[in-house]
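Participant: My structure file work01.cif, mmCIF, N, CA, C and O atoms, is below:
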```cif
data_target
#
loop_
_atom_site.label_atom_id
_atom_site.label_comp_id
_atom_site.auth_asym_id
_atom_site.auth_seq_id
_atom_site.Cartn_x
_atom_site.Cartn_y
_atom_site.Cartn_z
N MET A 1 97.69 89.97 105.62
CA MET A 1 96.84 90.76 104.76
C MET A 1 97.34 90.70 103.33
O MET A 1 98.54 90.72 103.10
N THR A 2 96.42 90.64 102.39
CA THR A 2 96.76 90.73 100.98
C THR A 2 96.68 92.19 100.56
O THR A 2 95.67 92.86 100.83
N THR A 3 97.72 92.67 99.92
CA THR A 3 97.73 94.02 99.38
C THR A 3 97.73 93.92 97.86
O THR A 3 98.59 93.24 97.28
N ILE A 4 96.78 94.60 97.24
CA ILE A 4 96.71 94.62 95.78
C ILE A 4 96.92 96.06 95.35
O ILE A 4 96.17 96.96 95.72
N THR A 5 97.98 96.25 94.57
CA THR A 5 98.34 97.58 94.08
C THR A 5 98.11 97.62 92.58
O THR A 5 98.76 96.87 91.84
N PHE A 6 97.19 98.47 92.16
CA PHE A 6 96.95 98.66 90.74
C PHE A 6 97.92 99.70 90.21
O PHE A 6 98.06 100.78 90.79
N ARG A 7 98.61 99.37 89.13
CA ARG A 7 99.59 100.25 88.50
C ARG A 7 98.88 101.11 87.46
O ARG A 7 98.14 100.59 86.62
N MET A 8 99.11 102.41 87.55
CA MET A 8 98.39 103.36 86.71
C MET A 8 99.36 104.18 85.86
O MET A 8 100.47 104.48 86.30
N GLU A 9 98.93 104.53 84.67
CA GLU A 9 99.57 105.55 83.83
C GLU A 9 98.45 106.50 83.46
O GLU A 9 97.69 106.21 82.54
N GLY A 10 98.32 107.58 84.21
CA GLY A 10 97.16 108.45 84.04
C GLY A 10 95.91 107.70 84.43
O GLY A 10 95.82 107.15 85.52
N ASP A 11 94.94 107.64 83.51
CA ASP A 11 93.70 106.92 83.76
C ASP A 11 93.78 105.45 83.36
O ASP A 11 92.85 104.69 83.62
N ARG A 12 94.88 105.05 82.73
CA ARG A 12 95.03 103.67 82.24
C ARG A 12 95.58 102.76 83.34
O ARG A 12 96.61 103.06 83.95
N ILE A 13 94.90 101.65 83.58
CA ILE A 13 95.41 100.64 84.48
C ILE A 13 96.36 99.77 83.65
O ILE A 13 95.95 99.17 82.66
N THR A 14 97.62 99.72 84.05
CA THR A 14 98.61 98.96 83.29
C THR A 14 98.83 97.56 83.85
O THR A 14 99.43 96.73 83.20
N GLY A 15 98.36 97.34 85.08
CA GLY A 15 98.53 96.03 85.69
C GLY A 15 98.32 96.11 87.18
O GLY A 15 97.82 97.12 87.70
N PHE A 16 98.73 95.06 87.87
CA PHE A 16 98.58 95.04 89.32
C PHE A 16 99.61 94.10 89.93
O PHE A 16 100.18 93.24 89.25
N ASP A 17 99.83 94.28 91.23
CA ASP A 17 100.65 93.39 92.05
C ASP A 17 99.80 92.98 93.24
O ASP A 17 99.22 93.82 93.91
N SER A 18 99.72 91.70 93.50
CA SER A 18 99.02 91.17 94.66
C SER A 18 100.05 90.43 95.51
O SER A 18 100.76 89.56 95.01
N THR A 19 100.15 90.83 96.79
CA THR A 19 101.15 90.21 97.66
C THR A 19 100.55 89.88 99.02
O THR A 19 99.70 90.60 99.53
N GLY A 20 101.01 88.79 99.57
CA GLY A 20 100.66 88.40 100.93
C GLY A 20 99.43 87.53 101.02
O GLY A 20 98.60 87.47 100.12
N HIS A 21 99.36 86.81 102.13
CA HIS A 21 98.20 85.97 102.44
C HIS A 21 97.17 86.81 103.20
O HIS A 21 97.53 87.63 104.04
N SER A 22 95.91 86.57 102.93
CA SER A 22 94.86 87.38 103.57
C SER A 22 94.80 87.16 105.07
O SER A 22 94.44 88.05 105.82
N GLY A 23 95.10 85.95 105.52
CA GLY A 23 95.07 85.67 106.95
C GLY A 23 93.68 85.48 107.51
O GLY A 23 93.49 85.47 108.72
N TYR A 24 92.69 85.32 106.65
CA TYR A 24 91.32 85.14 107.13
C TYR A 24 91.14 83.78 107.81
O TYR A 24 90.46 83.66 108.81
N ALA A 25 91.76 82.76 107.22
CA ALA A 25 91.67 81.39 107.76
C ALA A 25 92.90 80.61 107.31
O ALA A 25 93.74 81.12 106.57
N GLU A 26 92.99 79.37 107.74
CA GLU A 26 94.11 78.52 107.35
C GLU A 26 94.03 78.19 105.87
O GLU A 26 92.95 78.22 105.27
N ALA A 27 95.19 77.85 105.29
CA ALA A 27 95.24 77.47 103.88
C ALA A 27 94.23 76.37 103.60
O ALA A 27 94.06 75.44 104.39
N GLY A 28 93.54 76.51 102.50
CA GLY A 28 92.52 75.54 102.13
C GLY A 28 91.13 75.90 102.62
O GLY A 28 90.13 75.36 102.14
N ALA A 29 91.05 76.82 103.59
CA ALA A 29 89.76 77.24 104.13
C ALA A 29 89.60 78.75 104.08
O ALA A 29 88.62 79.29 104.60
N ASP A 30 90.55 79.44 103.46
CA ASP A 30 90.56 80.90 103.44
C ASP A 30 89.72 81.42 102.27
O ASP A 30 90.18 81.43 101.12
N ILE A 31 88.49 81.83 102.56
CA ILE A 31 87.59 82.28 101.50
C ILE A 31 88.02 83.59 100.86
O ILE A 31 87.75 83.82 99.69
N VAL A 32 88.70 84.44 101.62
CA VAL A 32 89.17 85.71 101.05
C VAL A 32 90.28 85.43 100.04
O VAL A 32 90.27 85.96 98.92
N CYS A 33 91.22 84.60 100.42
CA CYS A 33 92.30 84.22 99.50
C CYS A 33 91.74 83.56 98.25
O CYS A 33 92.16 83.86 97.13
N ALA A 34 90.78 82.69 98.43
CA ALA A 34 90.16 82.00 97.29
C ALA A 34 89.46 83.00 96.37
O ALA A 34 89.55 82.89 95.13
N ALA A 35 88.78 83.97 96.94
CA ALA A 35 88.08 84.98 96.14
C ALA A 35 89.07 85.82 95.33
O ALA A 35 88.84 86.11 94.15
N ILE A 36 90.16 86.21 95.96
CA ILE A 36 91.18 87.01 95.28
C ILE A 36 91.81 86.22 94.15
O ILE A 36 91.90 86.69 93.01
N THR A 37 92.25 85.01 94.45
CA THR A 37 92.92 84.19 93.46
C THR A 37 92.00 83.87 92.29
O THR A 37 92.41 83.95 91.12
N SER A 38 90.77 83.54 92.57
CA SER A 38 89.82 83.23 91.51
C SER A 38 89.59 84.42 90.58
O SER A 38 89.56 84.27 89.35
N ALA A 39 89.43 85.59 91.15
CA ALA A 39 89.21 86.79 90.33
C ALA A 39 90.42 87.09 89.45
O ALA A 39 90.29 87.42 88.27
N ILE A 40 91.61 86.97 90.03
CA ILE A 40 92.84 87.21 89.26
C ILE A 40 92.95 86.21 88.12
O ILE A 40 93.27 86.57 86.98
N ARG A 41 92.69 84.95 88.41
CA ARG A 41 92.79 83.91 87.37
C ARG A 41 91.78 84.14 86.25
O ARG A 41 92.08 83.91 85.08
N LEU A 42 90.58 84.60 86.59
CA LEU A 42 89.56 84.89 85.58
C LEU A 42 90.03 86.01 84.65
O LEU A 42 89.94 85.90 83.43
N VAL A 43 90.55 87.09 85.23
CA VAL A 43 91.01 88.21 84.41
C VAL A 43 92.20 87.79 83.55
O VAL A 43 92.24 88.09 82.35
N GLU A 44 93.14 87.08 84.12
CA GLU A 44 94.32 86.64 83.36
C GLU A 44 93.91 85.72 82.22
O GLU A 44 94.38 85.87 81.09
N ALA A 45 93.02 84.78 82.48
CA ALA A 45 92.57 83.85 81.43
C ALA A 45 91.83 84.60 80.32
O ALA A 45 91.98 84.29 79.14
N THR A 46 91.03 85.58 80.70
CA THR A 46 90.29 86.35 79.71
C THR A 46 91.24 87.16 78.83
O THR A 46 91.13 87.15 77.60
N VAL A 47 92.19 87.85 79.46
CA VAL A 47 93.14 88.67 78.70
C VAL A 47 94.02 87.81 77.81
O VAL A 47 94.16 88.08 76.61
N ASN A 48 94.62 86.77 78.36
CA ASN A 48 95.59 85.99 77.59
C ASN A 48 94.98 84.89 76.73
O ASN A 48 95.38 84.71 75.58
N ASP A 49 94.03 84.16 77.27
CA ASP A 49 93.52 83.00 76.55
C ASP A 49 92.31 83.31 75.66
O ASP A 49 92.17 82.73 74.59
N VAL A 50 91.45 84.20 76.11
CA VAL A 50 90.26 84.54 75.31
C VAL A 50 90.57 85.64 74.31
O VAL A 50 90.30 85.51 73.12
N LEU A 51 91.17 86.73 74.79
CA LEU A 51 91.50 87.85 73.89
C LEU A 51 92.78 87.61 73.11
O LEU A 51 93.04 88.29 72.13
N GLY A 52 93.61 86.67 73.58
CA GLY A 52 94.84 86.34 72.86
C GLY A 52 95.94 87.37 72.98
O GLY A 52 96.80 87.49 72.10
N LEU A 53 95.93 88.13 74.06
CA LEU A 53 96.95 89.15 74.27
C LEU A 53 98.10 88.56 75.07
O LEU A 53 97.98 87.49 75.65
N ALA A 54 99.19 89.28 75.12
CA ALA A 54 100.39 88.75 75.78
C ALA A 54 100.68 89.52 77.06
O ALA A 54 101.73 90.14 77.21
N ALA A 55 99.75 89.49 78.00
CA ALA A 55 99.99 90.13 79.29
C ALA A 55 101.05 89.32 80.04
O ALA A 55 101.03 88.10 80.03
N SER A 56 101.93 90.02 80.68
CA SER A 56 102.98 89.39 81.48
C SER A 56 102.40 89.01 82.84
O SER A 56 101.80 89.84 83.51
N VAL A 57 102.59 87.75 83.23
CA VAL A 57 102.11 87.27 84.52
C VAL A 57 103.26 86.59 85.25
O VAL A 57 103.96 85.76 84.67
N LYS A 58 103.47 86.98 86.49
CA LYS A 58 104.51 86.37 87.32
C LYS A 58 103.88 85.90 88.62
O LYS A 58 103.21 86.67 89.30
N VAL A 59 104.10 84.64 88.96
CA VAL A 59 103.58 84.06 90.19
C VAL A 59 104.77 83.59 91.02
O VAL A 59 105.65 82.90 90.52
N ARG A 60 104.78 84.00 92.29
CA ARG A 60 105.82 83.56 93.21
C ARG A 60 105.13 83.00 94.45
O ARG A 60 104.68 83.77 95.31
N GLU A 61 105.04 81.69 94.51
CA GLU A 61 104.33 81.06 95.62
C GLU A 61 105.05 81.26 96.95
O GLU A 61 104.39 81.36 97.99
N GLN A 62 106.38 81.36 96.93
CA GLN A 62 107.12 81.49 98.19
C GLN A 62 106.78 82.77 98.95
O GLN A 62 106.85 82.79 100.17
N ASP A 63 106.40 83.82 98.26
CA ASP A 63 105.99 85.04 98.98
C ASP A 63 104.56 85.44 98.64
O ASP A 63 104.17 86.58 98.85
N ALA A 64 103.80 84.50 98.12
CA ALA A 64 102.37 84.70 97.81
C ALA A 64 102.14 85.96 96.99
O ALA A 64 101.36 86.83 97.36
N SER A 65 102.83 86.04 95.84
CA SER A 65 102.64 87.22 95.00
C SER A 65 102.28 86.83 93.58
O SER A 65 102.73 85.81 93.05
N ILE A 66 101.42 87.66 93.00
CA ILE A 66 101.03 87.53 91.59
C ILE A 66 101.08 88.93 91.00
O ILE A 66 100.52 89.87 91.57
N SER A 67 101.77 89.06 89.88
CA SER A 67 101.83 90.33 89.17
C SER A 67 101.36 90.13 87.75
O SER A 67 101.62 89.09 87.14
N MET A 68 100.68 91.13 87.23
CA MET A 68 100.23 91.10 85.84
C MET A 68 100.42 92.48 85.25
O MET A 68 100.11 93.49 85.89
N ARG A 69 100.95 92.51 84.03
CA ARG A 69 101.12 93.76 83.30
C ARG A 69 100.50 93.60 81.91
O ARG A 69 100.79 92.64 81.21
N LEU A 70 99.67 94.56 81.55
CA LEU A 70 99.08 94.56 80.21
C LEU A 70 100.13 95.01 79.20
O LEU A 70 100.97 95.86 79.51
N PRO A 71 100.06 94.48 77.98
CA PRO A 71 100.97 94.97 76.95
C PRO A 71 100.56 96.38 76.52
O PRO A 71 99.40 96.77 76.67
N GLY A 72 101.51 97.13 76.01
CA GLY A 72 101.21 98.45 75.47
C GLY A 72 100.83 98.35 74.01
O GLY A 72 100.94 97.29 73.39
N GLY A 73 100.37 99.44 73.46
CA GLY A 73 100.08 99.50 72.04
C GLY A 73 98.93 98.63 71.57
O GLY A 73 98.92 98.17 70.43
N LEU A 74 97.96 98.40 72.43
CA LEU A 74 96.81 97.58 72.05
C LEU A 74 95.89 98.36 71.13
O LEU A 74 95.77 99.59 71.24
N ASP A 75 95.20 97.65 70.25
CA ASP A 75 94.21 98.32 69.41
C ASP A 75 93.06 98.79 70.30
O ASP A 75 92.90 98.30 71.42
N PRO A 76 92.28 99.75 69.85
CA PRO A 76 91.25 100.34 70.71
C PRO A 76 90.25 99.32 71.29
O PRO A 76 89.84 99.45 72.44
N THR A 77 89.88 98.31 70.53
CA THR A 77 88.93 97.33 71.03
C THR A 77 89.54 96.50 72.16
O THR A 77 88.92 96.30 73.20
N ALA A 78 90.77 96.03 71.97
CA ALA A 78 91.45 95.24 73.00
C ALA A 78 91.74 96.10 74.23
O ALA A 78 91.56 95.64 75.37
N GLU A 79 92.13 97.35 74.02
CA GLU A 79 92.41 98.25 75.14
C GLU A 79 91.14 98.48 75.96
O GLU A 79 91.16 98.43 77.19
N SER A 80 90.03 98.70 75.28
CA SER A 80 88.76 98.92 75.97
C SER A 80 88.36 97.68 76.78
O SER A 80 87.94 97.80 77.94
N ALA A 81 88.51 96.51 76.20
CA ALA A 81 88.17 95.27 76.91
C ALA A 81 89.07 95.09 78.14
O ALA A 81 88.58 94.75 79.22
N CYS A 82 90.36 95.33 77.98
CA CYS A 82 91.29 95.17 79.10
C CYS A 82 91.00 96.17 80.21
O CYS A 82 91.04 95.81 81.40
N GLN A 83 90.70 97.40 79.85
CA GLN A 83 90.41 98.40 80.87
C GLN A 83 89.12 98.08 81.60
O GLN A 83 89.02 98.28 82.82
N ALA A 84 88.12 97.55 80.89
CA ALA A 84 86.88 97.15 81.55
C ALA A 84 87.16 96.01 82.54
O ALA A 84 86.66 96.03 83.67
N LEU A 85 87.96 95.04 82.13
CA LEU A 85 88.31 93.93 83.02
C LEU A 85 89.07 94.40 84.25
O LEU A 85 88.77 94.02 85.38
N MET A 86 90.07 95.24 84.03
CA MET A 86 90.90 95.70 85.15
C MET A 86 90.11 96.61 86.09
O MET A 86 90.26 96.53 87.31
N THR A 87 89.24 97.45 85.53
CA THR A 87 88.40 98.30 86.36
C THR A 87 87.42 97.45 87.17
O THR A 87 87.21 97.69 88.37
N GLY A 88 86.84 96.46 86.53
CA GLY A 88 85.95 95.54 87.25
C GLY A 88 86.68 94.82 88.37
O GLY A 88 86.13 94.66 89.47
N LEU A 89 87.92 94.41 88.12
CA LEU A 89 88.72 93.75 89.15
C LEU A 89 88.98 94.70 90.31
O LEU A 89 88.86 94.31 91.48
N MET A 90 89.29 95.95 90.01
CA MET A 90 89.54 96.94 91.05
C MET A 90 88.28 97.17 91.90
O MET A 90 88.35 97.20 93.14
N VAL A 91 87.15 97.30 91.25
CA VAL A 91 85.89 97.51 91.97
C VAL A 91 85.57 96.29 92.84
O VAL A 91 85.19 96.43 94.01
N TYR A 92 85.75 95.10 92.30
CA TYR A 92 85.50 93.88 93.05
C TYR A 92 86.38 93.81 94.29
O TYR A 92 85.91 93.52 95.39
N PHE A 93 87.67 94.12 94.13
CA PHE A 93 88.57 94.07 95.28
C PHE A 93 88.24 95.16 96.30
O PHE A 93 88.36 94.94 97.50
N ALA A 94 87.80 96.31 95.85
CA ALA A 94 87.37 97.37 96.78
C ALA A 94 86.14 96.91 97.57
O ALA A 94 86.05 97.16 98.78
N GLN A 95 85.22 96.22 96.92
CA GLN A 95 84.05 95.69 97.62
C GLN A 95 84.46 94.60 98.61
O GLN A 95 83.93 94.53 99.72
N LEU A 96 85.42 93.76 98.22
CA LEU A 96 85.92 92.73 99.12
C LEU A 96 86.60 93.37 100.33
O LEU A 96 86.43 92.91 101.46
N HIS A 97 87.30 94.48 100.10
CA HIS A 97 87.92 95.21 101.21
C HIS A 97 86.85 95.73 102.17
O HIS A 97 87.04 95.70 103.39
N ASP A 98 85.74 96.22 101.64
CA ASP A 98 84.67 96.72 102.49
C ASP A 98 84.12 95.62 103.41
O ASP A 98 83.76 95.88 104.55
N GLU A 99 84.09 94.39 102.89
CA GLU A 99 83.60 93.26 103.68
C GLU A 99 84.65 92.69 104.63
O GLU A 99 84.32 92.20 105.71
N TYR A 100 85.91 92.73 104.21
CA TYR A 100 87.01 92.12 104.98
C TYR A 100 88.18 93.11 105.09
O TYR A 100 89.27 92.87 104.56
N PRO A 101 87.98 94.23 105.79
CA PRO A 101 89.01 95.28 105.83
C PRO A 101 90.31 94.86 106.51
O PRO A 101 91.35 95.50 106.26
N ASP A 102 90.28 93.83 107.32
CA ASP A 102 91.50 93.37 107.97
C ASP A 102 92.28 92.37 107.12
O ASP A 102 93.38 91.96 107.52
N ASN A 103 91.73 92.02 105.95
CA ASN A 103 92.34 90.96 105.16
C ASN A 103 92.78 91.35 103.76
O ASN A 103 93.55 90.64 103.14
N ILE A 104 92.25 92.46 103.25
CA ILE A 104 92.62 92.90 101.90
C ILE A 104 92.69 94.42 101.86
O ILE A 104 91.82 95.11 102.41
N GLU A 105 93.74 94.91 101.22
CA GLU A 105 93.94 96.34 101.03
C GLU A 105 94.10 96.58 99.52
O GLU A 105 94.78 95.79 98.84
N VAL A 106 93.52 97.65 99.01
CA VAL A 106 93.58 97.96 97.59
C VAL A 106 94.18 99.36 97.43
O VAL A 106 93.71 100.32 98.04
N LEU A 107 95.24 99.44 96.62
CA LEU A 107 95.95 100.70 96.41
C LEU A 107 96.07 100.99 94.92
O LEU A 107 95.95 100.09 94.09
N GLU A 108 96.35 102.26 94.60
CA GLU A 108 96.67 102.67 93.25
C GLU A 108 98.00 103.41 93.29
O GLU A 108 98.23 104.20 94.20
N GLU A 109 98.88 103.14 92.31
CA GLU A 109 100.17 103.83 92.22
C GLU A 109 100.46 104.18 90.77
O GLU A 109 100.20 103.38 89.88
N GLU A 110 100.99 105.36 90.57
CA GLU A 110 101.45 105.77 89.22
C GLU A 110 102.77 105.12 88.94
O GLU A 110 103.57 104.87 89.80
#
```
Just give me the structure as structure tokens.
Facilitator:
Amino acid sequence: MTTITFRMEGDRITGFDSTGHSGYAEAGADIVCAAITSAIRLVEATVNDVLGLAASVKVREQDASISMRLPGGLDPTAESACQALMTGLMVYFAQLHDEYPDNIEVLEEE
């Protein structure tokens, strides 16, 4: 199962940790894993490459983990864009959990 934990400071999403393989199918045929990875890559590319922010991203293939942390002190426009992206990611993963409850879990932690 893939567990995605969104890191919170009050109402602000500061980042997330995604760990584990979904286990839906074998590597290369796992649509749940592909959906998770694709969504994470889209958000990371938007934050870092399109908006030009310096979000910290760590990938560890040996334990199937991806972590991302937003920088602090963003201007209001960048903060609003990042929060919209992270909230959309959370909603998307919650919907994916509804479809594949044995393969993805979504948590929030302060």
Participant: Would you mind listing what lies within 6 Å of stretch 71-87 of chain A as a list in words, with only N, CA, C and O atoms counted and same-chain residues fewer than 2 positions away left out?
Facilitator: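 Those residues are Ile13, Thr14, Ala54, Ala55, Ser56, Arg69, Leu89, Met90, Val91 and Tyr92 of chain A.
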Participant: For atom CA of A:Ser38 and atom CA of A:Gly10, determine how far apart the two atoms are, in Å to one decimal place.
Facilitator: 27.3 Å
Participant: Using only C-alpha atoms, which of A:Asp11, A:Asp98, A:Asp17, A:Glu105 sits nearest A:Lys58?
Facilitator: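 Using only C-alpha atoms, the shortest distance to A:Lys58 belongs to A:Asp17.
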Participant: Can you list what the PyMOL selection byres (((chain A and resi 106 and name CA) around 8) and name CA) grabs from this structure, as an NGL selection string?
Facilitator: :A and (3-6 or 90 or 93-94 or 97 or 104-105 or 107-108)
Participant: Return as a VMD selection string the full set of residues in stretch 31-75 of chain A whose backbone-based DSSP assignment is strand (DSSP E).
Facilitator: chain A and resid 56 to 60 65 to 69
Participant: Please provide as a ChimeraX atom specification all residues within 7 Å of stretch 40-44 of chain A, with the sequence filter that same-chain residues fewer than 6 positions apart are discarded (counting all atoms listed in the file).
Facilitator: /A:34,50,53,85
Participant: For A:Met68, which residue among A:Ala39, A:Arg7, A:Pro101, A:Val47 is the nearest when counting all atoms listed in the file?
Facilitator: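 Ranked by minimum distance to A:Met68, first place goes to A:Arg7.
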Participant: With distances taken over all atoms listed in the file, which of A:Gln95, A:Phe16, A:Asp102, A:Thr46 is nearest to A:Ile66?
Facilitator: A:Phe16
Participant: Here is a test: counting only C-alpha atoms, which residue of A:Gln62, A:Leu70, A:Ala45, A:Ile31 is nearest to A:Met8?
Facilitator: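 Nearest candidate to A:Met8 out of A:Gln62, A:Leu70, A:Ala45, A:Ile31: A:Leu70.
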Participant: Go through stretch 16-97 of chain A and collect every residue that DSSP, computed from the backbone, puts in alpha helix (DSSP H); the answer should be as a short mmCIF file (atom, residue, chain, number, x, y, z; two decimals) with N, CA, C and O atoms, in the coordinates of the input.
Facilitator:
```cif
data_model
loop_
_atom_site.label_atom_id
_atom_site.label_comp_id
_atom_site.auth_asym_id
_atom_site.auth_seq_id
_atom_site.Cartn_x
_atom_site.Cartn_y
_atom_site.Cartn_z
N ILE A 31 88.49 81.83 102.56
CA ILE A 31 87.59 82.28 101.50
C ILE A 31 88.02 83.59 100.86
O ILE A 31 87.75 83.82 99.69
N VAL A 32 88.70 84.44 101.62
CA VAL A 32 89.17 85.71 101.05
C VAL A 32 90.28 85.43 100.04
O VAL A 32 90.27 85.96 98.92
N CYS A 33 91.22 84.60 100.42
CA CYS A 33 92.30 84.22 99.50
C CYS A 33 91.74 83.56 98.25
O CYS A 33 92.16 83.86 97.13
N ALA A 34 90.78 82.69 98.43
CA ALA A 34 90.16 82.00 97.29
C ALA A 34 89.46 83.00 96.37
O ALA A 34 89.55 82.89 95.13
N ALA A 35 88.78 83.97 96.94
CA ALA A 35 88.08 84.98 96.14
C ALA A 35 89.07 85.82 95.33
O ALA A 35 88.84 86.11 94.15
N ILE A 36 90.16 86.21 95.96
CA ILE A 36 91.18 87.01 95.28
C ILE A 36 91.81 86.22 94.15
O ILE A 36 91.90 86.69 93.01
N THR A 37 92.25 85.01 94.45
CA THR A 37 92.92 84.19 93.46
C THR A 37 92.00 83.87 92.29
O THR A 37 92.41 83.95 91.12
N SER A 38 90.77 83.54 92.57
CA SER A 38 89.82 83.23 91.51
C SER A 38 89.59 84.42 90.58
O SER A 38 89.56 84.27 89.35
N ALA A 39 89.43 85.59 91.15
CA ALA A 39 89.21 86.79 90.33
C ALA A 39 90.42 87.09 89.45
O ALA A 39 90.29 87.42 88.27
N ILE A 40 91.61 86.97 90.03
CA ILE A 40 92.84 87.21 89.26
C ILE A 40 92.95 86.21 88.12
O ILE A 40 93.27 86.57 86.98
N ARG A 41 92.69 84.95 88.41
CA ARG A 41 92.79 83.91 87.37
C ARG A 41 91.78 84.14 86.25
O ARG A 41 92.08 83.91 85.08
N LEU A 42 90.58 84.60 86.59
CA LEU A 42 89.56 84.89 85.58
C LEU A 42 90.03 86.01 84.65
O LEU A 42 89.94 85.90 83.43
N VAL A 43 90.55 87.09 85.23
CA VAL A 43 91.01 88.21 84.41
C VAL A 43 92.20 87.79 83.55
O VAL A 43 92.24 88.09 82.35
N GLU A 44 93.14 87.08 84.12
CA GLU A 44 94.32 86.64 83.36
C GLU A 44 93.91 85.72 82.22
O GLU A 44 94.38 85.87 81.09
N ALA A 45 93.02 84.78 82.48
CA ALA A 45 92.57 83.85 81.43
C ALA A 45 91.83 84.60 80.32
O ALA A 45 91.98 84.29 79.14
N PRO A 76 92.28 99.75 69.85
CA PRO A 76 91.25 100.34 70.71
C PRO A 76 90.25 99.32 71.29
O PRO A 76 89.84 99.45 72.44
N THR A 77 89.88 98.31 70.53
CA THR A 77 88.93 97.33 71.03
C THR A 77 89.54 96.50 72.16
O THR A 77 88.92 96.30 73.20
N ALA A 78 90.77 96.03 71.97
CA ALA A 78 91.45 95.24 73.00
C ALA A 78 91.74 96.10 74.23
O ALA A 78 91.56 95.64 75.37
N GLU A 79 92.13 97.35 74.02
CA GLU A 79 92.41 98.25 75.14
C GLU A 79 91.14 98.48 75.96
O GLU A 79 91.16 98.43 77.19
N SER A 80 90.03 98.70 75.28
CA SER A 80 88.76 98.92 75.97
C SER A 80 88.36 97.68 76.78
O SER A 80 87.94 97.80 77.94
N ALA A 81 88.51 96.51 76.20
CA ALA A 81 88.17 95.27 76.91
C ALA A 81 89.07 95.09 78.14
O ALA A 81 88.58 94.75 79.22
N CYS A 82 90.36 95.33 77.98
CA CYS A 82 91.29 95.17 79.10
C CYS A 82 91.00 96.17 80.21
O CYS A 82 91.04 95.81 81.40
N GLN A 83 90.70 97.40 79.85
CA GLN A 83 90.41 98.40 80.87
C GLN A 83 89.12 98.08 81.60
O GLN A 83 89.02 98.28 82.82
N ALA A 84 88.12 97.55 80.89
CA ALA A 84 86.88 97.15 81.55
C ALA A 84 87.16 96.01 82.54
O ALA A 84 86.66 96.03 83.67
N LEU A 85 87.96 95.04 82.13
CA LEU A 85 88.31 93.93 83.02
C LEU A 85 89.07 94.40 84.25
O LEU A 85 88.77 94.02 85.38
N MET A 86 90.07 95.24 84.03
CA MET A 86 90.90 95.70 85.15
C MET A 86 90.11 96.61 86.09
O MET A 86 90.26 96.53 87.31
N THR A 87 89.24 97.45 85.53
CA THR A 87 88.40 98.30 86.36
C THR A 87 87.42 97.45 87.17
O THR A 87 87.21 97.69 88.37
N GLY A 88 86.84 96.46 86.53
CA GLY A 88 85.95 95.54 87.25
C GLY A 88 86.68 94.82 88.37
O GLY A 88 86.13 94.66 89.47
N LEU A 89 87.92 94.41 88.12
CA LEU A 89 88.72 93.75 89.15
C LEU A 89 88.98 94.70 90.31
O LEU A 89 88.86 94.31 91.48
N MET A 90 89.29 95.95 90.01
CA MET A 90 89.54 96.94 91.05
C MET A 90 88.28 97.17 91.90
O MET A 90 88.35 97.20 93.14
N VAL A 91 87.15 97.30 91.25
CA VAL A 91 85.89 97.51 91.97
C VAL A 91 85.57 96.29 92.84
O VAL A 91 85.19 96.43 94.01
N TYR A 92 85.75 95.10 92.30
CA TYR A 92 85.50 93.88 93.05
C TYR A 92 86.38 93.81 94.29
O TYR A 92 85.91 93.52 95.39
N PHE A 93 87.67 94.12 94.13
CA PHE A 93 88.57 94.07 95.28
C PHE A 93 88.24 95.16 96.30
O PHE A 93 88.36 94.94 97.50
N ALA A 94 87.80 96.31 95.85
CA ALA A 94 87.37 97.37 96.78
C ALA A 94 86.14 96.91 97.57
O ALA A 94 86.05 97.16 98.78
N GLN A 95 85.22 96.22 96.92
CA GLN A 95 84.05 95.69 97.62
C GLN A 95 84.46 94.60 98.61
O GLN A 95 83.93 94.53 99.72
N LEU A 96 85.42 93.76 98.22
CA LEU A 96 85.92 92.73 99.12
C LEU A 96 86.60 93.37 100.33
O LEU A 96 86.43 92.91 101.46
N HIS A 97 87.30 94.48 100.10
CA HIS A 97 87.92 95.21 101.21
C HIS A 97 86.85 95.73 102.17
O HIS A 97 87.04 95.70 103.39
#
```
Participant: List the residues matched by the PyMOL selection byres (((chain A and resi 1 and name CA) around 6) and name CA) in the displayed structure as a ChimeraX atom specification, ordered by chain and then by residue number.
Facilitator: /A:2,20-23,103-104
Participant: So what do you get for atom N of A:Thr19 versus atom O of A:Ala64, distance-wise?
Facilitator: 4.2 Å
Participant: Separation of atom C of A:Val59 and atom O of A:Glu99, in Å?
Facilitator: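 Atom O of A:Glu99 lies at a distance of 26.6 Å from atom C of A:Val59.
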Participant: With only C-alpha atoms as the atoms that count, which of A:Tyr100, A:Ala35, A:Asn48, A:Val57 lies nearest to A:Gly15?
Facilitator: A:Val57
Participant: Which residue, A:Glu110, A:Asp30, A:Asp49, A:Ser18, has the smallest gap to A:Ser67 when you use only N, CA, C and O atoms?
Facilitator: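 Of the candidates, the smallest distance to A:Ser67 is held by A:Ser18.
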